[in-house]
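Heads up, query.cif below (mmCIF, C-alpha atoms and all ligand atoms):
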data_coords
#
loop_
_atom_site.group_PDB
_atom_site.id
_atom_site.type_symbol
_atom_site.label_atom_id
_atom_site.label_comp_id
_atom_site.auth_asym_id
_atom_site.auth_seq_id
_atom_site.Cartn_x
_atom_site.Cartn_y
_atom_site.Cartn_z
ATOM 1 C CA MET Q 168 -54.429 -51.521 -8.203
ATOM 2 C CA ARG Q 169 -52.988 -53.187 -5.116
ATOM 3 C CA VAL Q 170 -54.668 -53.562 -1.708
ATOM 4 C CA LEU Q 171 -52.379 -54.161 1.263
ATOM 5 C CA VAL Q 172 -54.006 -55.027 4.576
ATOM 6 C CA LEU Q 173 -52.270 -54.267 7.872
ATOM 7 C CA PRO Q 174 -53.478 -55.718 11.207
ATOM 8 C CA ASP Q 175 -54.482 -52.439 12.860
ATOM 9 C CA ALA Q 176 -54.200 -48.646 12.709
ATOM 10 C CA PRO Q 177 -50.748 -48.412 14.342
ATOM 11 C CA SER Q 178 -49.202 -50.976 11.989
ATOM 12 C CA LEU Q 179 -50.952 -49.296 9.064
ATOM 13 C CA ALA Q 180 -49.459 -45.923 10.006
ATOM 14 C CA ALA Q 181 -45.990 -47.429 10.388
ATOM 15 C CA PHE Q 182 -46.210 -49.235 7.047
ATOM 16 C CA ALA Q 183 -47.576 -46.166 5.267
ATOM 17 C CA ALA Q 184 -44.797 -43.964 6.646
ATOM 18 C CA GLU Q 185 -42.136 -46.398 5.478
ATOM 19 C CA HIS Q 186 -43.755 -46.688 2.057
ATOM 20 C CA LEU Q 187 -44.024 -42.915 1.597
ATOM 21 C CA ALA Q 188 -40.431 -42.412 2.740
ATOM 22 C CA GLY Q 189 -39.347 -44.940 0.140
ATOM 23 C CA LEU Q 190 -41.281 -43.190 -2.612
ATOM 24 C CA LEU Q 191 -39.869 -39.817 -1.580
ATOM 25 C CA ASP Q 192 -36.311 -41.112 -1.819
ATOM 26 C CA ALA Q 193 -36.896 -43.078 -5.023
ATOM 27 C CA THR Q 194 -36.550 -40.033 -7.248
ATOM 28 C CA GLY Q 195 -32.821 -39.667 -6.573
ATOM 29 C CA ALA Q 196 -31.339 -36.182 -6.498
ATOM 30 C CA LYS Q 197 -34.193 -34.358 -8.220
ATOM 31 C CA ARG Q 198 -36.842 -32.520 -6.298
ATOM 32 C CA THR Q 199 -39.963 -34.464 -5.503
ATOM 33 C CA ASN Q 200 -43.360 -33.682 -4.052
ATOM 34 C CA LEU Q 201 -46.008 -35.204 -1.833
ATOM 35 C CA ALA Q 202 -49.650 -34.163 -1.631
ATOM 36 C CA LEU Q 203 -50.913 -34.622 1.898
ATOM 37 C CA SER Q 204 -54.392 -35.788 2.785
ATOM 38 C CA GLY Q 205 -56.407 -34.031 5.449
ATOM 39 C CA GLY Q 206 -58.686 -35.546 8.040
ATOM 40 C CA SER Q 207 -57.668 -37.593 11.067
ATOM 41 C CA THR Q 208 -56.489 -40.909 9.608
ATOM 42 C CA PRO Q 209 -53.057 -39.709 8.441
ATOM 43 C CA HIS Q 210 -52.000 -38.059 11.747
ATOM 44 C CA ALA Q 211 -50.075 -41.127 12.965
ATOM 45 C CA THR Q 212 -48.568 -41.695 9.524
ATOM 46 C CA TYR Q 213 -47.230 -38.125 9.403
ATOM 47 C CA GLU Q 214 -45.859 -38.406 12.936
ATOM 48 C CA ALA Q 215 -43.998 -41.574 11.899
ATOM 49 C CA LEU Q 216 -42.930 -40.179 8.510
ATOM 50 C CA ARG Q 217 -41.172 -37.193 10.079
ATOM 51 C CA THR Q 218 -38.725 -39.567 11.807
ATOM 52 C CA TYR Q 219 -37.400 -40.931 8.499
ATOM 53 C CA PRO Q 220 -34.088 -39.594 7.089
ATOM 54 C CA VAL Q 221 -35.733 -38.474 3.870
ATOM 55 C CA ARG Q 222 -33.822 -35.821 1.926
ATOM 56 C CA TRP Q 223 -36.495 -33.387 2.987
ATOM 57 C CA LYS Q 224 -34.838 -30.303 1.476
ATOM 58 C CA ARG Q 225 -35.735 -31.734 -1.939
ATOM 59 C CA VAL Q 226 -39.392 -32.235 -0.996
ATOM 60 C CA ASP Q 227 -42.342 -29.976 -1.751
ATOM 61 C CA LEU Q 228 -45.328 -30.740 0.475
ATOM 62 C CA TRP Q 229 -48.763 -29.574 -0.660
ATOM 63 C CA LEU Q 230 -52.437 -30.180 0.198
ATOM 64 C CA GLY Q 231 -54.722 -32.399 -1.869
ATOM 65 C CA ASP Q 232 -57.618 -30.480 -0.361
ATOM 66 C CA GLU Q 233 -58.380 -27.875 2.257
ATOM 67 C CA ARG Q 234 -61.262 -26.547 4.228
ATOM 68 C CA TRP Q 235 -61.911 -22.834 3.671
ATOM 69 C CA VAL Q 236 -60.799 -21.705 7.133
ATOM 70 C CA PRO Q 237 -57.818 -19.686 8.432
ATOM 71 C CA HIS Q 238 -54.624 -21.711 8.788
ATOM 72 C CA HIS Q 239 -54.814 -21.478 12.599
ATOM 73 C CA HIS Q 240 -58.366 -22.904 12.661
ATOM 74 C CA ASP Q 241 -58.893 -26.281 14.372
ATOM 75 C CA ASP Q 242 -60.333 -27.659 11.123
ATOM 76 C CA SER Q 243 -57.460 -26.489 8.920
ATOM 77 C CA ASN Q 244 -55.608 -29.252 7.091
ATOM 78 C CA THR Q 245 -52.683 -26.841 6.808
ATOM 79 C CA ARG Q 246 -52.548 -26.595 10.594
ATOM 80 C CA MET Q 247 -52.772 -30.373 10.952
ATOM 81 C CA VAL Q 248 -49.969 -31.136 8.502
ATOM 82 C CA GLN Q 249 -47.798 -28.401 10.006
ATOM 83 C CA GLU Q 250 -48.203 -29.805 13.523
ATOM 84 C CA THR Q 251 -47.759 -33.476 12.597
ATOM 85 C CA LEU Q 252 -45.110 -33.207 9.887
ATOM 86 C CA ALA Q 253 -44.064 -29.957 8.224
ATOM 87 C CA GLU Q 254 -42.815 -28.160 11.348
ATOM 88 C CA HIS Q 255 -40.531 -31.118 12.065
ATOM 89 C CA VAL Q 256 -38.746 -31.507 8.735
ATOM 90 C CA PRO Q 257 -36.932 -29.091 6.374
ATOM 91 C CA ALA Q 258 -39.342 -29.694 3.506
ATOM 92 C CA ARG Q 259 -41.107 -26.830 1.765
ATOM 93 C CA LEU Q 260 -44.823 -26.690 2.635
ATOM 94 C CA HIS Q 261 -47.198 -24.993 0.208
ATOM 95 C CA PRO Q 262 -50.441 -24.203 2.052
ATOM 96 C CA VAL Q 263 -53.577 -23.316 0.160
ATOM 97 C CA PRO Q 264 -53.625 -19.504 0.408
ATOM 98 C CA TRP Q 265 -56.066 -18.002 2.887
ATOM 99 C CA GLU Q 266 -56.518 -14.226 3.411
ATOM 100 C CA GLU Q 267 -59.291 -12.148 4.966
ATOM 101 C CA ASN Q 268 -60.364 -10.551 1.679
ATOM 102 C CA LEU Q 269 -59.619 -13.508 -0.565
ATOM 103 C CA GLY Q 270 -62.449 -15.705 -1.775
ATOM 104 C CA PRO Q 271 -62.189 -19.515 -2.066
ATOM 105 C CA VAL Q 272 -62.555 -19.528 -5.854
ATOM 106 C CA GLU Q 273 -59.694 -17.063 -6.278
ATOM 107 C CA ALA Q 274 -57.667 -18.996 -3.703
ATOM 108 C CA ALA Q 275 -58.096 -22.193 -5.727
ATOM 109 C CA HIS Q 276 -57.001 -20.355 -8.844
ATOM 110 C CA ARG Q 277 -53.937 -18.986 -7.066
ATOM 111 C CA TYR Q 278 -53.130 -22.468 -5.751
ATOM 112 C CA SER Q 279 -53.233 -23.921 -9.227
ATOM 113 C CA THR Q 280 -50.615 -21.349 -10.200
ATOM 114 C CA MET Q 281 -48.559 -22.188 -7.119
ATOM 115 C CA LEU Q 282 -48.668 -25.888 -7.983
ATOM 116 C CA ALA Q 283 -47.383 -25.124 -11.458
ATOM 117 C CA SER Q 284 -44.280 -23.567 -9.885
ATOM 118 C CA PHE Q 285 -43.019 -26.895 -8.537
ATOM 119 C CA LEU Q 286 -44.932 -29.798 -10.131
ATOM 120 C CA ASP Q 287 -43.656 -31.401 -13.298
ATOM 121 C CA ALA Q 288 -45.808 -31.004 -16.369
ATOM 122 C CA VAL Q 289 -46.201 -33.738 -18.960
ATOM 123 C CA ASP Q 290 -47.789 -32.687 -22.257
ATOM 124 C CA GLY Q 291 -49.020 -29.582 -20.475
ATOM 125 C CA GLN Q 292 -50.657 -31.494 -17.582
ATOM 126 C CA LEU Q 293 -49.338 -30.919 -14.058
ATOM 127 C CA THR Q 294 -48.054 -34.282 -12.850
ATOM 128 C CA PRO Q 295 -47.838 -34.822 -9.097
ATOM 129 C CA GLU Q 296 -45.272 -37.357 -7.902
ATOM 130 C CA ILE Q 297 -47.027 -38.836 -4.861
ATOM 131 C CA VAL Q 298 -50.562 -38.165 -3.639
ATOM 132 C CA LEU Q 299 -51.852 -39.466 -0.323
ATOM 133 C CA LEU Q 300 -55.634 -39.673 -0.127
ATOM 134 C CA GLY Q 301 -58.174 -40.646 2.485
ATOM 135 C CA LEU Q 302 -61.648 -42.072 2.150
ATOM 136 C CA GLY Q 303 -64.794 -40.643 3.662
ATOM 137 C CA ASP Q 304 -67.597 -42.918 4.842
ATOM 138 C CA ASP Q 305 -69.626 -41.638 1.873
ATOM 139 C CA GLY Q 306 -66.900 -42.572 -0.600
ATOM 140 C CA HIS Q 307 -65.470 -39.081 -1.022
ATOM 141 C CA THR Q 308 -61.772 -38.489 -1.346
ATOM 142 C CA ALA Q 309 -59.893 -35.224 -1.072
ATOM 143 C CA SER Q 310 -62.877 -32.876 -1.148
ATOM 144 C CA LEU Q 311 -64.526 -34.598 -4.088
ATOM 145 C CA PHE Q 312 -67.923 -35.467 -2.635
ATOM 146 C CA PRO Q 313 -70.589 -37.629 -4.263
ATOM 147 C CA GLY Q 314 -72.874 -35.763 -6.631
ATOM 148 C CA THR Q 315 -70.861 -32.541 -6.661
ATOM 149 C CA PRO Q 316 -69.989 -30.777 -9.931
ATOM 150 C CA ALA Q 317 -66.305 -30.675 -8.961
ATOM 151 C CA LEU Q 318 -66.157 -34.367 -9.863
ATOM 152 C CA ASP Q 319 -66.751 -33.529 -13.508
ATOM 153 C CA VAL Q 320 -64.369 -30.580 -13.841
ATOM 154 C CA THR Q 321 -61.963 -31.280 -16.697
ATOM 155 C CA ASP Q 322 -60.432 -27.849 -17.334
ATOM 156 C CA HIS Q 323 -58.878 -27.119 -13.917
ATOM 157 C CA ASP Q 324 -56.480 -28.878 -11.550
ATOM 158 C CA PHE Q 325 -57.717 -27.311 -8.292
ATOM 159 C CA VAL Q 326 -61.174 -25.902 -7.591
ATOM 160 C CA ALA Q 327 -63.362 -24.517 -4.813
ATOM 161 C CA HIS Q 328 -66.931 -25.560 -4.180
ATOM 162 C CA PHE Q 329 -69.506 -25.207 -1.425
ATOM 163 C CA ILE Q 330 -70.363 -28.509 0.289
ATOM 164 C CA HIS Q 331 -73.883 -28.253 1.652
ATOM 165 C CA GLU Q 332 -73.610 -31.229 4.006
ATOM 166 C CA LYS Q 333 -70.542 -29.644 5.532
ATOM 167 C CA ASP Q 334 -71.956 -26.114 5.325
ATOM 168 C CA ARG Q 335 -68.509 -25.031 4.223
ATOM 169 C CA TRP Q 336 -66.437 -24.202 1.175
ATOM 170 C CA ARG Q 337 -63.857 -26.814 0.313
ATOM 171 C CA LEU Q 338 -60.923 -26.555 -2.087
ATOM 172 C CA THR Q 339 -59.721 -29.684 -3.825
ATOM 173 C CA ALA Q 340 -57.527 -31.271 -6.425
ATOM 174 C CA THR Q 341 -59.661 -32.398 -9.334
ATOM 175 C CA VAL Q 342 -59.895 -35.850 -10.893
ATOM 176 C CA ARG Q 343 -57.786 -34.526 -13.770
ATOM 177 C CA LEU Q 344 -54.900 -33.637 -11.465
ATOM 178 C CA LEU Q 345 -55.199 -36.806 -9.367
ATOM 179 C CA HIS Q 346 -55.266 -39.007 -12.477
ATOM 180 C CA ALA Q 347 -51.994 -37.440 -13.588
ATOM 181 C CA ALA Q 348 -50.195 -38.453 -10.385
ATOM 182 C CA ARG Q 349 -47.388 -40.965 -10.707
ATOM 183 C CA HIS Q 350 -48.360 -42.625 -7.419
ATOM 184 C CA LEU Q 351 -51.733 -42.546 -5.631
ATOM 185 C CA VAL Q 352 -51.785 -43.962 -2.122
ATOM 186 C CA PHE Q 353 -55.112 -44.339 -0.317
ATOM 187 C CA LEU Q 354 -54.968 -44.670 3.461
ATOM 188 C CA VAL Q 355 -58.087 -46.169 5.058
ATOM 189 C CA ALA Q 356 -58.515 -47.287 8.649
ATOM 190 C CA GLY Q 357 -61.317 -48.371 10.941
ATOM 191 C CA ALA Q 358 -64.592 -50.268 10.849
ATOM 192 C CA GLY Q 359 -66.404 -47.039 10.032
ATOM 193 C CA LYS Q 360 -64.872 -47.130 6.552
ATOM 194 C CA ALA Q 361 -65.571 -50.831 5.817
ATOM 195 C CA ALA Q 362 -68.848 -50.240 3.983
ATOM 196 C CA ALA Q 363 -67.480 -47.364 1.924
ATOM 197 C CA LEU Q 364 -64.325 -49.301 1.029
ATOM 198 C CA ALA Q 365 -66.357 -52.312 -0.082
ATOM 199 C CA ASP Q 366 -68.606 -50.063 -2.154
ATOM 200 C CA VAL Q 367 -65.623 -48.302 -3.733
ATOM 201 C CA LEU Q 368 -63.700 -51.487 -4.543
ATOM 202 C CA GLU Q 369 -66.538 -53.922 -5.182
ATOM 203 C CA GLY Q 370 -69.744 -51.926 -5.641
ATOM 204 C CA ASN Q 371 -71.832 -52.326 -8.812
ATOM 205 C CA GLY Q 372 -73.533 -48.944 -8.618
ATOM 206 C CA PRO Q 373 -72.321 -45.621 -10.057
ATOM 207 C CA PRO Q 374 -68.663 -45.238 -9.050
ATOM 208 C CA LEU Q 375 -68.101 -43.263 -5.878
ATOM 209 C CA PRO Q 376 -65.572 -40.393 -6.051
ATOM 210 C CA ALA Q 377 -62.707 -42.474 -4.655
ATOM 211 C CA ARG Q 378 -63.331 -45.094 -7.351
ATOM 212 C CA ARG Q 379 -63.477 -42.491 -10.073
ATOM 213 C CA VAL Q 380 -60.134 -41.183 -8.866
ATOM 214 C CA ALA Q 381 -58.593 -44.647 -8.573
ATOM 215 C CA ASP Q 382 -59.805 -45.747 -12.001
ATOM 216 C CA GLY Q 383 -57.559 -44.092 -14.532
ATOM 217 C CA ALA Q 384 -54.565 -43.381 -12.315
ATOM 218 C CA ALA Q 385 -51.224 -44.934 -13.233
ATOM 219 C CA ASP Q 386 -50.263 -46.531 -9.950
ATOM 220 C CA VAL Q 387 -52.797 -46.989 -7.143
ATOM 221 C CA LEU Q 388 -52.045 -48.528 -3.775
ATOM 222 C CA TRP Q 389 -54.661 -49.004 -1.085
ATOM 223 C CA LEU Q 390 -53.212 -49.235 2.419
ATOM 224 C CA VAL Q 391 -55.942 -50.381 4.768
ATOM 225 C CA ASP Q 392 -56.311 -52.050 8.152
ATOM 226 C CA GLU Q 393 -58.256 -55.259 8.835
ATOM 227 C CA ALA Q 394 -61.204 -53.345 10.268
ATOM 228 C CA ALA Q 395 -61.632 -51.304 7.096
ATOM 229 C CA ALA Q 396 -61.172 -54.407 4.928
ATOM 230 C CA ALA Q 397 -63.758 -56.469 6.852
ATOM 231 C CA GLN Q 398 -66.451 -56.284 4.142
ATOM 232 C CA LEU Q 399 -64.208 -57.010 1.156
ATOM 233 C CA THR Q 400 -65.118 -60.355 -0.395
ATOM 234 C CA ALA Q 401 -64.006 -60.178 -4.008
ATOM 235 C CA THR Q 402 -60.794 -58.157 -3.866
ATOM 236 C CA SER Q 403 -57.315 -59.649 -3.974
ATOM 237 C CA LEU Q 404 -55.746 -58.681 -0.649
ATOM 238 C CA THR Q 405 -52.078 -58.802 0.257
ATOM 239 C CA ARG Q 406 -50.971 -59.030 3.872
ATOM 240 C CA PRO Q 407 -47.322 -57.851 4.062
HETATM 241 C C1 LIG G 1 -60.429 -33.824 4.561
HETATM 242 C C2 LIG G 1 -59.816 -34.960 3.791
HETATM 243 C C3 LIG G 1 -60.849 -35.977 3.479
HETATM 244 C C4 LIG G 1 -60.526 -37.121 4.420
HETATM 245 C C5 LIG G 1 -61.693 -38.050 4.573
HETATM 246 C C6 LIG G 1 -61.419 -39.051 5.691
HETATM 247 O O1 LIG G 1 -60.057 -32.656 4.327
HETATM 248 O O2 LIG G 1 -61.236 -34.131 5.437
HETATM 249 O O3 LIG G 1 -58.973 -34.680 2.855
HETATM 250 O O4 LIG G 1 -60.893 -36.446 2.168
HETATM 251 O O5 LIG G 1 -59.398 -37.836 3.925
HETATM 252 O O6 LIG G 1 -62.829 -37.257 4.902
HETATM 253 O O7 LIG G 1 -61.272 -38.330 6.899
HETATM 254 P P1 LIG G 1 -60.827 -39.071 8.244
HETATM 255 O O8 LIG G 1 -59.429 -39.541 8.046
HETATM 256 O O9 LIG G 1 -60.936 -38.004 9.307
HETATM 257 O O10 LIG G 1 -61.804 -40.217 8.448
#

In structure tokens, how does this file's structure come out?
Amino acid sequence: MRVLVLPDAPSLAAFAAEHLAGLLDATGAKRTNLALSGGSTPHATYEALRTYPVRWKRVDLWLGDERWVPHHHDDSNTRMVQETLAEHVPARLHPVPWEENLGPVEAAHRYSTMLASFLDAVDGQLTPEIVLLGLGDDGHTASLFPGTPALDVTDHDFVAHFIHEKDRWRLTATVRLLHAARHLVFLVAGAGKAAALADVLEGNGPPLPARRVADGAADVLWLVDEAAAAQLTATSLTRP
């Protein structure tokens, strides 16, 4: 696990975009895929990433998690990634399905099937290439929230669950799917995340969701800014 610290949010976004572009082009001529994080932190990264001459026609973009809202809704991650990235590049975006008469559980099931149409599988396990993840101030990542049963799902790659503190259904990649990823990149910015980041990377209590995801993945990179790293005291930090 590597932790790179950038001076501020703009330099973090620029560095993250360059890093993701490099990963996307590292797979040569074969198709590759990138799971996009929701929330607000990655907006600037996506806006920078879309300027890179990536061979986008080989790229499948998908969502690591989604809120159960129509794609045009202000809270939709699909809408956010379309506006900041997917509408600007010739990559193939795979939104989580949403229909009037479709329920979130069935939508998650359908999405798992959709993922299987373009993700590699190794020994029967879907294997994402690159997954970008955020960190909530409670230590959640994707839509894996502390204390929720979705954290312990081992027989599905993508599930739906109702999040009481959000009063909303969320759909999310599971720990099983995230652990299978070849590259996990966490993107964390701002002083508001400093306590959660310190707890995730240095806490002695029960591991928060982001730690459970990070522990057990093959290649984990934390890209953070100085404000988010302010409470780290025992982690080896690299300043590129
Ligand atoms: C979502 C995200 C979620 C997000 C964190 C951080 O759908 O909201 O996938 O995991 O990454 O909540 O959100 P911010 O970047 O807005 O702080």

Name all residues at most 9 Å from Leu302 of chain Q (count all atoms listed in the file; drop same-chain ones fewer than 3 positions away) and give them as a PyMOL selection string.
chain Q and resi 305-309+353-356+360+363-364+377

Can those selected residues be exported to a file as a PDB file, keeping the file's coordinate frame so that it contains C-alpha atoms?
ATOM      1  CA  ASP Q 305     -69.626 -41.638   1.873  1.00  0.00           C
ATOM      2  CA  GLY Q 306     -66.900 -42.572  -0.600  1.00  0.00           C
ATOM      3  CA  HIS Q 307     -65.470 -39.081  -1.022  1.00  0.00           C
ATOM      4  CA  THR Q 308     -61.772 -38.489  -1.346  1.00  0.00           C
ATOM      5  CA  ALA Q 309     -59.893 -35.224  -1.072  1.00  0.00           C
ATOM      6  CA  PHE Q 353     -55.112 -44.339  -0.317  1.00  0.00           C
ATOM      7  CA  LEU Q 354     -54.968 -44.670   3.461  1.00  0.00           C
ATOM      8  CA  VAL Q 355     -58.087 -46.169   5.058  1.00  0.00           C
ATOM      9  CA  ALA Q 356     -58.515 -47.287   8.649  1.00  0.00           C
ATOM     10  CA  LYS Q 360     -64.872 -47.130   6.552  1.00  0.00           C
ATOM     11  CA  ALA Q 363     -67.480 -47.364   1.924  1.00  0.00           C
ATOM     12  CA  LEU Q 364     -64.325 -49.301   1.029  1.00  0.00           C
ATOM     13  CA  ALA Q 377     -62.707 -42.474  -4.655  1.00  0.00           C
TER      14      ALA Q 377
END

Spell out the residues picked by the PyMOL selection byres (((not hetatm)) within 7 of (chain G and resi 1)) here, as a PDB file with C-alpha atoms, keeping the file's coordinate frame.
ATOM      1  CA  SER Q 204     -54.392 -35.788   2.785  1.00  0.00           C
ATOM      2  CA  GLY Q 205     -56.407 -34.031   5.449  1.00  0.00           C
ATOM      3  CA  GLY Q 206     -58.686 -35.546   8.040  1.00  0.00           C
ATOM      4  CA  SER Q 207     -57.668 -37.593  11.067  1.00  0.00           C
ATOM      5  CA  THR Q 208     -56.489 -40.909   9.608  1.00  0.00           C
ATOM      6  CA  PRO Q 209     -53.057 -39.709   8.441  1.00  0.00           C
ATOM      7  CA  GLY Q 231     -54.722 -32.399  -1.869  1.00  0.00           C
ATOM      8  CA  ASP Q 232     -57.618 -30.480  -0.361  1.00  0.00           C
ATOM      9  CA  GLU Q 233     -58.380 -27.875   2.257  1.00  0.00           C
ATOM     10  CA  ARG Q 234     -61.262 -26.547   4.228  1.00  0.00           C
ATOM     11  CA  ASN Q 244     -55.608 -29.252   7.091  1.00  0.00           C
ATOM     12  CA  LEU Q 300     -55.634 -39.673  -0.127  1.00  0.00           C
ATOM     13  CA  GLY Q 301     -58.174 -40.646   2.485  1.00  0.00           C
ATOM     14  CA  LEU Q 302     -61.648 -42.072   2.150  1.00  0.00           C
ATOM     15  CA  GLY Q 303     -64.794 -40.643   3.662  1.00  0.00           C
ATOM     16  CA  HIS Q 307     -65.470 -39.081  -1.022  1.00  0.00           C
ATOM     17  CA  THR Q 308     -61.772 -38.489  -1.346  1.00  0.00           C
ATOM     18  CA  ALA Q 309     -59.893 -35.224  -1.072  1.00  0.00           C
ATOM     19  CA  SER Q 310     -62.877 -32.876  -1.148  1.00  0.00           C
TER      20      SER Q 310
END

Could you give me, as a PyMOL selection string, the residues within 10 Å of Lys197 of chain Q, counting all atoms listed in the file and dropping anything in the same chain fewer than 3 positions from it?
chain Q and resi 192-194+225-226

Using all atoms listed in the file, which residues sit within 7 Å of Pro262 of chain Q once same-chain residues fewer than 5 positions away are excluded, as a list in words?
Trp229, Leu230 and Thr245 of chain Q

Output C-alpha atoms of each residue in that selection to a file, as a PDB file, keeping the file's coordinate frame.
ATOM      1  CA  TRP Q 229     -48.763 -29.574  -0.660  1.00  0.00           C
ATOM      2  CA  LEU Q 230     -52.437 -30.180   0.198  1.00  0.00           C
ATOM      3  CA  THR Q 245     -52.683 -26.841   6.808  1.00  0.00           C
TER       4      THR Q 245
END

Expanded to explicit residues, what is the PyMOL selection byres (((chain Q and resi 238) around 12) and not hetatm) for this file, as a PyMOL selection string?
chain Q and resi 233-237+239-250+261-267

Applied to this file, what does the PyMOL selection byres (((chain Q and resi 380) around 9) and not hetatm) return in terms of residues, put as a count of residues only?
15

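In terms of minimum interatomic distance to Leu390 of chain Q, Q:Thr212 ranks closest within Q:Asn371, Q:Ser279, Q:Thr212, Q:Thr199, counting all atoms listed in the file.
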
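If you measure from each of Q:Leu399, Q:Leu252, Q:Leu404, Q:Ala385 to Leu203 of chain Q using only C-alpha atoms, the closest one turns out to be Q:Leu252.
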
Top pick for closest residue to Phe312 of chain Q, considering Q:Ser178, Q:Thr294, Q:Ser284, Q:Thr339 and counting only C-alpha atoms:
Q:Thr339

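Separating atom CA of Ala365 of chain Q from atom CA of Trp389 of chain Q is a distance of 12.2 Å.
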
Please compute the atom CA of His350 of chain Q-atom CA of Gly189 of chain Q distance, one decimal, in Å.
12.0 Å

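Residues in contact with Ala181 of chain Q at 8 Å, where all atoms listed in the file are counted and same-chain residues fewer than 4 positions away are skipped, are listed as Pro177, Glu185, Ala211, Thr212 and Ala215 of chain Q.
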
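Atom CA of Ala396 of chain Q is positioned 27.8 Å from atom CA of Thr218 of chain Q.
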
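If only C-alpha atoms are the atoms counted, then among Q:Pro220, Q:Leu351, Q:Asp304, Q:Leu311 the closest residue to Val367 of chain Q is Q:Asp304.
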
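The shortest atom-to-atom distance to Leu191 of chain Q, with all atoms listed in the file taken into account, belongs to Q:Lys224 out of Q:Lys224, Q:Arg277, Q:His255, Q:His323.
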
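Compared by their closest atoms to Val272 of chain Q, and using only C-alpha atoms, the residues Q:Ala327, Q:Ala348, Q:Ala184, Q:Ala394 rank with Q:Ala327 nearest.
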
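For Asp392 of chain Q, the list of residues within 6 Å, based on only C-alpha atoms and with local chain neighbours fewer than 2 positions off taken out, reads Val172, Leu173, Pro174, Asp175, Ala356, Ala394 and Ala395 of chain Q.
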